[in-house]
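Below: the structure, in structure tokens.
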Amino acid sequence: MRKPFQGVWNIVRFNWHFYVLAGVLIAFLVTASRFLPDSIRPIASVLYVATVTTTAVSLSVSLYVYDLSGLYRFGWLRSLETDADGCVVNINAGFDETSELIKAVHPNTKLIVFDFYDPARHTEVSIKRARRAYPPYPGTQAIGTTKLPLPDHSADCVLLIMSAHEIRSEDERNCFFKEIARITKPGGKIAVTEHLRDAPNFLAYNIGFFHFFSQNAWQRTFAQAGLRVTRKIKNTPFVTTFLLERQ
């Protein structure tokens, strides 16, 4: 079970440097406004309001998405048909808070967990902090993105939950999804859950939405890998799950 406010707390503690900078800027603007000329004070006021508002909105949306929305109850995952003794592959990017929950949803399936985190390529300090805070799921295998250590057509279901966007190179991402298509059985399911670079996420995270990819970018990647979208689920206005099958 996830703890109350676990999601938003993780965001704050793994990205605390952003919130420290925001706090310093707010304190500076409040202090400086006392000494600024009257003609400049409105500019400081606008910056103050913008900083407070964007910080509050991003934390409020994160609280909703990760703690209040039911995202991690995985209602859509329960509807995916898998054999009782089938193989579910869960792939993360250095921070895994889903494998235990997935195992609870499908307790009888064989769960294989892969971690493609590469400190040379994936340099975000937030991931390094998350890895220190959360040990890997037992049996997690470190992998590369160019070759998955499974035979052809061996997985009934492959899950990528808030992880695939960490592969920033389009060529690398295309190669990775071709590997996912290779290991998935005919008729097997692939689920990709992500924030998108769209209007709701811009309103929520401001320029932070550039860390996400657009729906068109994901669809290009899926097509390059020979995958088609069978269903698109809006988990929240800010999070989308693409259900895919091999063409």
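Identifiers in this document derive from the order of the structure tokens: chains are assigned A, B, ..., residues are numbered from 1 separately in each chain, and ligands are numbered from 1 in order of occurrence.
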Give one line per residue of range 88-112 of chain A that approaches range 119-130 of chain A to at most 9 Å, naming the two atoms of the closest pair and their distance in Å to one decimal, counting only C-alpha atoms; sort by chain then ascending residue number and deliver it as a tab-separated table.
residue	atom	partner	partner_atom	distance
A:Ala93	CA	A:Ile127	CA	8.2
A:Gly94	CA	A:Ile127	CA	6.4
A:Phe95	CA	A:Ala130	CA	6.0
A:Asp96	CA	A:Ala130	CA	8.9
Practice item. Run DSSP on the backbone and give me the residues of range 93-204 of chain A it puts in strand (DSSP E or B), as a list in words. Key: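 The strand (DSSP E or B) subset of range 93-204 of chain A is Lys110, Leu111, Ile112, Val113, Phe114, Asp115, Gln141, Ala142, Ala155, Asp156, Cys157, Val158, Leu159, Leu160, Ile161, Thr184, Lys185, Pro186, Gly187, Gly188, Lys189, Ile190, Ala191, Val192, Thr193, Glu194, His195 and Leu196 of chain A.
Interatomic distance, CA of Trp218 in chain A against CA of Thr236 in chain A: 17.9 Å.
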Exercise for review: Pull the helix (DSSP H, G or I) assignments for range 171-237 of chain A out of DSSP run on the backbone, and list those residues as an MDAnalysis selection string.
Suggested key: chainID A and resid 171:183 199:211 215:224
With C-alpha atoms retained, write the just-selected residues as a short mmCIF file (atom, residue, chain, number, x, y, z; two decimals), in the first residue's frame.
data_model
loop_
_atom_site.label_atom_id
_atom_site.label_comp_id
_atom_site.auth_asym_id
_atom_site.auth_seq_id
_atom_site.Cartn_x
_atom_site.Cartn_y
_atom_site.Cartn_z
CA ASP A 171 16.85 6.71 -32.22
CA GLU A 172 17.52 4.95 -28.92
CA ARG A 173 13.82 5.06 -28.07
CA ASN A 174 12.87 3.56 -31.44
CA CYS A 175 15.39 0.75 -30.97
CA PHE A 176 14.12 0.12 -27.45
CA PHE A 177 10.51 -0.23 -28.56
CA LYS A 178 11.50 -2.56 -31.38
CA GLU A 179 13.00 -4.79 -28.68
CA ILE A 180 9.78 -4.58 -26.70
CA ALA A 181 7.82 -5.61 -29.79
CA ARG A 182 10.23 -8.52 -30.33
CA ILE A 183 9.78 -10.01 -26.86
CA ALA A 199 -1.70 21.99 -22.63
CA PRO A 200 -2.78 20.45 -19.28
CA ASN A 201 0.80 19.52 -18.39
CA PHE A 202 2.04 22.96 -19.45
CA LEU A 203 -0.49 24.59 -17.14
CA ALA A 204 0.55 22.20 -14.35
CA TYR A 205 4.33 22.16 -14.74
CA ASN A 206 5.16 25.22 -16.83
CA ILE A 207 8.45 24.70 -18.71
CA GLY A 208 8.84 21.36 -16.95
CA PHE A 209 6.46 19.92 -19.53
CA PHE A 210 9.37 19.92 -22.01
CA HIS A 211 10.69 16.86 -20.16
CA GLN A 215 1.41 12.31 -28.31
CA ASN A 216 2.61 12.59 -31.91
CA ALA A 217 6.18 11.80 -30.85
CA TRP A 218 5.03 8.66 -29.02
CA GLN A 219 2.92 7.57 -31.97
CA ARG A 220 5.94 7.93 -34.28
CA THR A 221 7.97 5.75 -31.95
CA PHE A 222 5.23 3.13 -31.76
CA ALA A 223 4.86 3.05 -35.54
CA GLN A 224 8.63 2.73 -36.05
#
Exercise for review: Could you give me, as a PyMOL selection string, the residues within 12 Å of Leu80 in chain A, counting only C-alpha atoms and dropping anything in the same chain fewer than 5 positions from it?
Suggested key: chain A and resi 74-75+86+88+102+105-106+156-159+187-191+231+243-244
**Study point:** For range 133-138 of chain A: contacts at 12 Å, only C-alpha atoms, fewer than 6 positions along chain excluded, given as an NGL selection string
**Key:** :A and (10 or 13-14 or 90-103 or 111-115 or 117 or 126-127)
Kindly provide the residues of range 67-89 of chain A that approach range 52-62 of chain A to within 12 Å, each paired with its closest atom pair and their distance in Å to one decimal, based on only C-alpha atoms, listed by chain and increasing number, as a tab-separated table.
residue	atom	partner	partner_atom	distance
A:Asp67	CA	A:Ser62	CA	7.7
A:Leu68	CA	A:Ser62	CA	9.1
A:Ser69	CA	A:Ser62	CA	9.8
A:Leu71	CA	A:Ser62	CA	11.4
Convert the current residue selection to file output with C-alpha atoms, as a short mmCIF file (atom, residue, chain, number, x, y, z; two decimals), in the first residue's frame.
data_model
loop_
_atom_site.label_atom_id
_atom_site.label_comp_id
_atom_site.auth_asym_id
_atom_site.auth_seq_id
_atom_site.Cartn_x
_atom_site.Cartn_y
_atom_site.Cartn_z
CA ASP A 67 -1.91 10.53 -4.31
CA LEU A 68 -5.60 11.30 -4.87
CA SER A 69 -6.50 10.18 -8.40
CA LEU A 71 -3.53 6.19 -10.59
#
Revision key, fill the gap. Residue with the minimum atom-to-atom distance to Phe242 in chain A, picked from A:Thr184, A:Ser79, A:Thr193, A:Ser214 with only C-alpha atoms counted, is A:Thr193
Practice item. For range 24-28 of chain A, list every protein, DNA or RNA residue within 8 Å, evaluated using only C-alpha atoms, and leave out those in the same chain fewer than 2 positions away; present the list as a ChimeraX atom specification. Key: /A:20-22,30-32,48,51-52
Using N, CA and C atoms, can you write the selected residues to a file as a PDB file, in the first residue's frame?
ATOM      1  N   VAL A  20      14.006  24.832  -3.228  1.00  0.00           N
ATOM      2  CA  VAL A  20      14.901  25.743  -2.518  1.00  0.00           C
ATOM      3  C   VAL A  20      15.110  27.012  -3.349  1.00  0.00           C
ATOM      4  N   LEU A  21      15.357  26.827  -4.654  1.00  0.00           N
ATOM      5  CA  LEU A  21      15.544  27.993  -5.528  1.00  0.00           C
ATOM      6  C   LEU A  21      14.287  28.869  -5.552  1.00  0.00           C
ATOM      7  N   ALA A  22      13.122  28.219  -5.614  1.00  0.00           N
ATOM      8  CA  ALA A  22      11.874  28.981  -5.612  1.00  0.00           C
ATOM      9  C   ALA A  22      11.715  29.752  -4.303  1.00  0.00           C
ATOM     10  N   VAL A  30      10.427  39.444  -1.907  1.00  0.00           N
ATOM     11  CA  VAL A  30       9.730  40.087  -0.794  1.00  0.00           C
ATOM     12  C   VAL A  30      10.629  41.140  -0.140  1.00  0.00           C
ATOM     13  N   THR A  31      11.909  40.757   0.068  1.00  0.00           N
ATOM     14  CA  THR A  31      12.835  41.682   0.713  1.00  0.00           C
ATOM     15  C   THR A  31      13.176  42.863  -0.193  1.00  0.00           C
ATOM     16  N   ALA A  32      13.472  42.564  -1.455  1.00  0.00           N
ATOM     17  CA  ALA A  32      13.914  43.610  -2.380  1.00  0.00           C
ATOM     18  C   ALA A  32      12.815  44.613  -2.678  1.00  0.00           C
ATOM     19  N   TYR A  48       6.850  37.620  -8.118  1.00  0.00           N
ATOM     20  CA  TYR A  48       6.495  36.953  -6.865  1.00  0.00           C
ATOM     21  C   TYR A  48       5.241  36.099  -7.047  1.00  0.00           C
ATOM     22  N   THR A  51       5.918  33.060  -9.327  1.00  0.00           N
ATOM     23  CA  THR A  51       6.700  32.000  -8.682  1.00  0.00           C
ATOM     24  C   THR A  51       5.854  31.226  -7.677  1.00  0.00           C
ATOM     25  N   VAL A  52       5.118  31.939  -6.847  1.00  0.00           N
ATOM     26  CA  VAL A  52       4.264  31.275  -5.858  1.00  0.00           C
ATOM     27  C   VAL A  52       3.188  30.443  -6.546  1.00  0.00           C
TER      28      VAL A  52
END
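Put simply, CA of His153 in chain A is 26.5 Å away from CA of Arg168 in chain A.
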Check your understanding: From the list A:Asp152, A:Glu166, A:Asp198, A:Asp38, which residue is nearest Lys185 in chain A when using only C-alpha atoms?
Key ->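 The shortest atom-to-atom distance to Lys185 in chain A comes from A:Asp152.
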